[in-house]
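Right, one structure below, let's go through it.
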Amino acid sequence: GLVLLAFGLTGPASAETSLAPRFTPDLQRYESEQGLPQNSVTALLEDRDGYLWIGTYGGLVRHDGQDFRVYGSDAQNGPPSDRITALLEDQAGRLWIGTENAGVGRMDADTRFRRPAGGCGSACRIHQLLQTGSGEIIAVGDDGAYRMDEDLHATSVVPPVLPDTHTGAVDPAGGLWLADSSRILPPGATQPYPLPDGSEVLRLLADAEGVWATAEALWRLDRDRAPERIADHERMPRVHGLSLAADGARWIGAEQRGVWRVPADGAAPQPIDLP
């Protein structure tokens with residue numbers, strides 16, 4: 001999709017709308033005419049310096065609020081592939097880059113890019129990058145989950161009890177959760193468990209409040225409790241992304257249902273009209 005940046009504020013609510021406060025986002029739309037190399041946006045990350053990094057199928061992009069700078073794989077100093085799928089800034093401020101067909105690369109503090117020496121092996125098709133509480137970088141892809149070392153060598157961390165691992169998340173305590181299409185393995189657990197309704201696990205996601213499993217519904221996960229189905233999210237099935245804003249509202253992207261905002265006060269989810 002295109003890049004849409006929201007700068008909205010919650011406006012005052014009347015008595016009749018107190019359960020659904022009015023929210024009017026100021027959206028800015030960016031596409032190839034504004035400087036993107038390609039309009040399929042696959043990853044977004046705001047780094048500690050305030051730059052917005054954008055993953056596309058046409059290369060890696062840095063936006064400084066005005067201009068776009070494109071880093072292509074054909075350049076002498078660029079990511080391992082133009083097909084970017086995941087981005088992560090580590091504790092040292094380095095940018096890790098997951099790709100669709102060339103594994104994981106990294107941009108170091110000196111702005112030099114590093115690529116996996118000798119190719120990506122079995123860890124080529126990556127769609128998630130995570131950092132655990134101990135600082136380990138975990139890359140999750142179609143063929144499992146891998147621990148990445150400083151030289152970008154990948155070592156499988158798939159547990160024997162979950163051989164078909166395809167998604168993961170790191171909780172606020174730094175613990176690594178893993179899942180296959182039907183079962184979830186919490187940190188420190190010896191056996192995975194299914195969702196209570198037996199539905200397919202599409203993806204694990206995390207924000208500042210915890211870990212979530214996306215399926216036909218959205219489930220809140222906890223190490224010490226059974227998964228909790230979030231009833232209010234039934235209008236937003238098959239969630240593919242979520243983020244907790246500074247005001248406590250949760251922004252959600254759902255397959256074929258667009259973008260939603262869930263107010264912090266528990267009011268009903270609000271669909272966002274995109275330009």
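Scheme for the structure tokens: letters A, B, ... for chains in order shown; per-chain residue numbers from 1; ligand numbers from 1 in order shown.
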Inset, instruction - Quick one: everything within 7 Å of Ala215 in chain A, counting only C-alpha atoms, minus sequence neighbours fewer than 5 positions away in the same chain. Send it as JSON, numbers by chain. - result: {"A": [199, 200, 201, 202, 237, 238]}
Legend entry - range 64-70 of chain A surroundings by only C-alpha atoms, 12 Å radius, close-in-sequence under 4 positions cut, as an MDAnalysis selection string: chainID A and resid 5 28 30:38 46:47 49:60 74:75 77:79 82
Inset, instruction - Assign secondary structure with DSSP using the backbone only, and return the residues of range 142-248 of chain A in strand (DSSP E) as an NGL selection string. - result: :A and (144-148 or 154-156 or 167-170 or 176-179 or 184-185 or 203-207 or 210-214 or 218-222 or 225-229 or 239-244)
Would you save the residues from that selection as a short mmCIF file (atom, residue, chain, number, x, y, z; two decimals), in the first residue's frame, using N, CA and C atoms?
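Saved to result.cif:
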data_model
loop_
_atom_site.label_atom_id
_atom_site.label_comp_id
_atom_site.auth_asym_id
_atom_site.auth_seq_id
_atom_site.Cartn_x
_atom_site.Cartn_y
_atom_site.Cartn_z
N GLY A 144 11.16 -20.81 9.01
CA GLY A 144 11.45 -20.91 10.42
C GLY A 144 11.93 -19.61 11.04
N ALA A 145 12.53 -19.73 12.22
CA ALA A 145 13.05 -18.58 12.96
C ALA A 145 14.55 -18.77 13.18
N TYR A 146 15.29 -17.66 13.10
CA TYR A 146 16.75 -17.74 13.13
C TYR A 146 17.33 -16.66 14.03
N ARG A 147 18.40 -17.02 14.73
CA ARG A 147 19.18 -16.05 15.48
C ARG A 147 20.28 -15.52 14.55
N MET A 148 20.36 -14.19 14.43
CA MET A 148 21.35 -13.57 13.55
C MET A 148 22.56 -13.13 14.37
N ALA A 154 22.93 -17.00 10.06
CA ALA A 154 21.65 -17.36 10.67
C ALA A 154 21.71 -18.76 11.26
N THR A 155 21.26 -18.89 12.52
CA THR A 155 21.19 -20.18 13.20
C THR A 155 19.75 -20.43 13.62
N SER A 156 19.21 -21.57 13.26
CA SER A 156 17.82 -21.86 13.57
C SER A 156 17.57 -21.90 15.07
N THR A 167 5.93 -17.53 12.64
CA THR A 167 5.72 -16.17 13.13
C THR A 167 6.19 -16.08 14.57
N GLY A 168 6.54 -14.86 15.00
CA GLY A 168 7.01 -14.67 16.37
C GLY A 168 6.74 -13.26 16.85
N ALA A 169 6.96 -13.03 18.14
CA ALA A 169 6.81 -11.70 18.74
C ALA A 169 7.61 -11.68 20.03
N VAL A 170 8.02 -10.48 20.45
CA VAL A 170 8.73 -10.30 21.71
C VAL A 170 7.83 -9.49 22.64
N LEU A 176 10.59 -14.27 23.98
CA LEU A 176 10.28 -14.62 22.60
C LEU A 176 9.13 -15.61 22.53
N TRP A 177 8.06 -15.21 21.84
CA TRP A 177 6.93 -16.08 21.54
C TRP A 177 7.09 -16.59 20.10
N LEU A 178 6.71 -17.84 19.86
CA LEU A 178 6.74 -18.41 18.52
C LEU A 178 5.41 -19.12 18.26
N ALA A 179 5.07 -19.27 16.98
CA ALA A 179 3.83 -19.96 16.63
C ALA A 179 3.96 -20.56 15.24
N ILE A 184 0.73 -22.04 19.63
CA ILE A 184 1.53 -20.93 20.15
C ILE A 184 2.42 -21.43 21.27
N LEU A 185 3.70 -21.00 21.26
CA LEU A 185 4.65 -21.40 22.29
C LEU A 185 5.13 -20.16 23.04
N ARG A 203 -0.57 -14.64 12.58
CA ARG A 203 0.62 -13.86 12.90
C ARG A 203 0.62 -13.52 14.39
N LEU A 204 1.78 -13.43 14.97
CA LEU A 204 1.93 -12.87 16.31
C LEU A 204 2.42 -11.43 16.18
N LEU A 205 1.84 -10.54 16.97
CA LEU A 205 2.21 -9.13 16.97
C LEU A 205 2.41 -8.68 18.41
N ALA A 206 3.16 -7.62 18.60
CA ALA A 206 3.38 -7.11 19.96
C ALA A 206 3.36 -5.59 19.96
N ASP A 207 2.91 -5.03 21.06
CA ASP A 207 3.03 -3.59 21.30
C ASP A 207 3.43 -3.39 22.74
N GLY A 210 1.59 -5.78 25.30
CA GLY A 210 1.66 -7.23 25.30
C GLY A 210 1.73 -7.84 23.92
N VAL A 211 1.40 -9.14 23.86
CA VAL A 211 1.47 -9.92 22.62
C VAL A 211 0.06 -10.29 22.19
N TRP A 212 -0.13 -10.30 20.88
CA TRP A 212 -1.43 -10.57 20.30
C TRP A 212 -1.30 -11.64 19.23
N ALA A 213 -2.30 -12.50 19.13
CA ALA A 213 -2.39 -13.47 18.04
C ALA A 213 -3.49 -13.02 17.11
N THR A 214 -3.18 -12.92 15.83
CA THR A 214 -4.20 -12.55 14.87
C THR A 214 -4.71 -13.79 14.17
N LEU A 218 -9.03 -11.28 17.03
CA LEU A 218 -7.79 -10.86 17.66
C LEU A 218 -7.78 -11.39 19.09
N TRP A 219 -6.66 -11.99 19.49
CA TRP A 219 -6.53 -12.60 20.81
C TRP A 219 -5.39 -11.96 21.58
N ARG A 220 -5.66 -11.63 22.84
CA ARG A 220 -4.62 -11.13 23.74
C ARG A 220 -3.97 -12.33 24.43
N LEU A 221 -2.63 -12.38 24.39
CA LEU A 221 -1.90 -13.50 24.96
C LEU A 221 -1.20 -13.09 26.25
N ASP A 222 -1.12 -14.01 27.20
CA ASP A 222 -0.45 -13.77 28.46
C ASP A 222 0.21 -15.07 28.90
N ARG A 225 -2.15 -16.75 31.64
CA ARG A 225 -3.60 -16.88 31.47
C ARG A 225 -3.91 -17.44 30.09
N ALA A 226 -5.12 -17.95 29.94
CA ALA A 226 -5.57 -18.45 28.65
C ALA A 226 -5.77 -17.28 27.69
N PRO A 227 -5.65 -17.50 26.38
CA PRO A 227 -5.87 -16.41 25.42
C PRO A 227 -7.25 -15.78 25.59
N GLU A 228 -7.29 -14.45 25.47
CA GLU A 228 -8.54 -13.70 25.62
C GLU A 228 -8.97 -13.15 24.27
N ARG A 229 -10.16 -13.55 23.83
CA ARG A 229 -10.68 -13.06 22.57
C ARG A 229 -11.19 -11.64 22.74
N VAL A 239 -6.15 -9.33 11.33
CA VAL A 239 -5.30 -8.16 11.56
C VAL A 239 -3.88 -8.45 11.10
N HIS A 240 -3.28 -7.50 10.40
CA HIS A 240 -1.91 -7.66 9.91
C HIS A 240 -0.94 -6.68 10.55
N GLY A 241 -1.44 -5.70 11.30
CA GLY A 241 -0.55 -4.77 11.96
C GLY A 241 -1.27 -4.00 13.04
N LEU A 242 -0.56 -3.67 14.12
CA LEU A 242 -1.15 -2.85 15.17
C LEU A 242 -0.04 -2.05 15.83
N SER A 243 -0.44 -0.90 16.39
CA SER A 243 0.51 -0.03 17.05
C SER A 243 -0.20 0.77 18.13
N LEU A 244 0.48 0.93 19.27
CA LEU A 244 -0.09 1.69 20.38
C LEU A 244 0.45 3.12 20.31
#
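Between CA of Thr111 in chain A and CA of Cys124 in chain A the separation is 22.9 Å.
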Go through range 30-267 of chain A and collect every residue that DSSP, computed from the backbone, puts in helix (DSSP H, G or I); the answer should be as a CSV table (one decimal) with C-alpha atoms, in the first residue's frame.
chain,number,residue,atom,x,y,z
A,32,SER,CA,5.9,7.4,-6.5
A,33,GLU,CA,5.1,10.9,-7.6
A,34,GLN,CA,6.4,12.2,-4.3
A,231,ALA,CA,-14.8,-9.1,21.0
A,232,ASP,CA,-14.7,-5.5,19.9
A,233,HIS,CA,-12.3,-6.5,17.1
A,234,GLU,CA,-14.7,-8.8,15.3
A,235,ARG,CA,-15.3,-6.1,12.7
Inset, instruction - Name the residues in contact with His153 in chain A at a cut-off of 8 Å, using only C-alpha atoms, excluding same-chain residues fewer than 3 positions from it; report them as a VMD selection string. - result: chain A and resid 116 to 117 120 148 to 150
Can I get the selection written as a CSV table (one decimal), in the first residue's frame, with all heavy atoms?
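Contents of again20.csv, as written:
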chain,number,residue,atom,x,y,z
A,116,PRO,N,24.8,-10.6,4.0
A,116,PRO,CA,25.2,-12.0,4.5
A,116,PRO,C,26.3,-12.5,3.6
A,116,PRO,O,26.1,-12.7,2.4
A,116,PRO,CB,23.9,-12.8,4.5
A,116,PRO,CG,23.0,-12.1,3.6
A,116,PRO,CD,23.3,-10.6,3.7
A,117,ALA,N,27.5,-12.8,4.1
A,117,ALA,CA,28.5,-13.4,3.3
A,117,ALA,C,28.2,-14.8,3.0
A,117,ALA,O,27.7,-15.6,3.8
A,117,ALA,CB,29.9,-13.3,4.1
A,120,CYS,N,22.3,-16.4,1.8
A,120,CYS,CA,21.4,-16.4,2.9
A,120,CYS,C,21.0,-17.8,3.3
A,120,CYS,O,20.3,-18.0,4.3
A,120,CYS,CB,20.1,-15.6,2.6
A,120,CYS,SG,19.3,-16.0,1.1
A,148,MET,N,20.4,-14.2,14.4
A,148,MET,CA,21.3,-13.6,13.6
A,148,MET,C,22.6,-13.1,14.4
A,148,MET,O,22.4,-12.5,15.4
A,148,MET,CB,20.8,-12.4,12.8
A,148,MET,CG,19.4,-12.6,12.1
A,148,MET,SD,19.6,-13.9,10.8
A,148,MET,CE,20.9,-13.2,9.8
A,149,ASP,N,23.8,-13.5,13.9
A,149,ASP,CA,24.9,-13.0,14.6
A,149,ASP,C,25.5,-11.7,14.0
A,149,ASP,O,24.9,-11.2,13.0
A,149,ASP,CB,26.0,-14.1,14.7
A,149,ASP,CG,26.6,-14.5,13.3
A,149,ASP,OD1,26.5,-13.7,12.4
A,149,ASP,OD2,27.3,-15.5,13.3
A,150,GLU,N,26.6,-11.2,14.5
A,150,GLU,CA,27.1,-9.9,14.0
A,150,GLU,C,27.5,-10.0,12.5
A,150,GLU,O,27.5,-9.0,11.8
A,150,GLU,CB,28.3,-9.5,14.9
A,150,GLU,CG,27.9,-9.1,16.2
A,150,GLU,CD,27.1,-7.8,16.2
A,150,GLU,OE1,27.6,-6.8,15.6
A,150,GLU,OE2,26.0,-7.8,16.7
Inset, instruction - Name all residues at most 10 Å from Ala245 in chain A (count only C-alpha atoms; drop same-chain ones fewer than 3 positions away) and give them as a PyMOL selection string. - result: chain A and resi 207-208+242+248-251+261+263-264
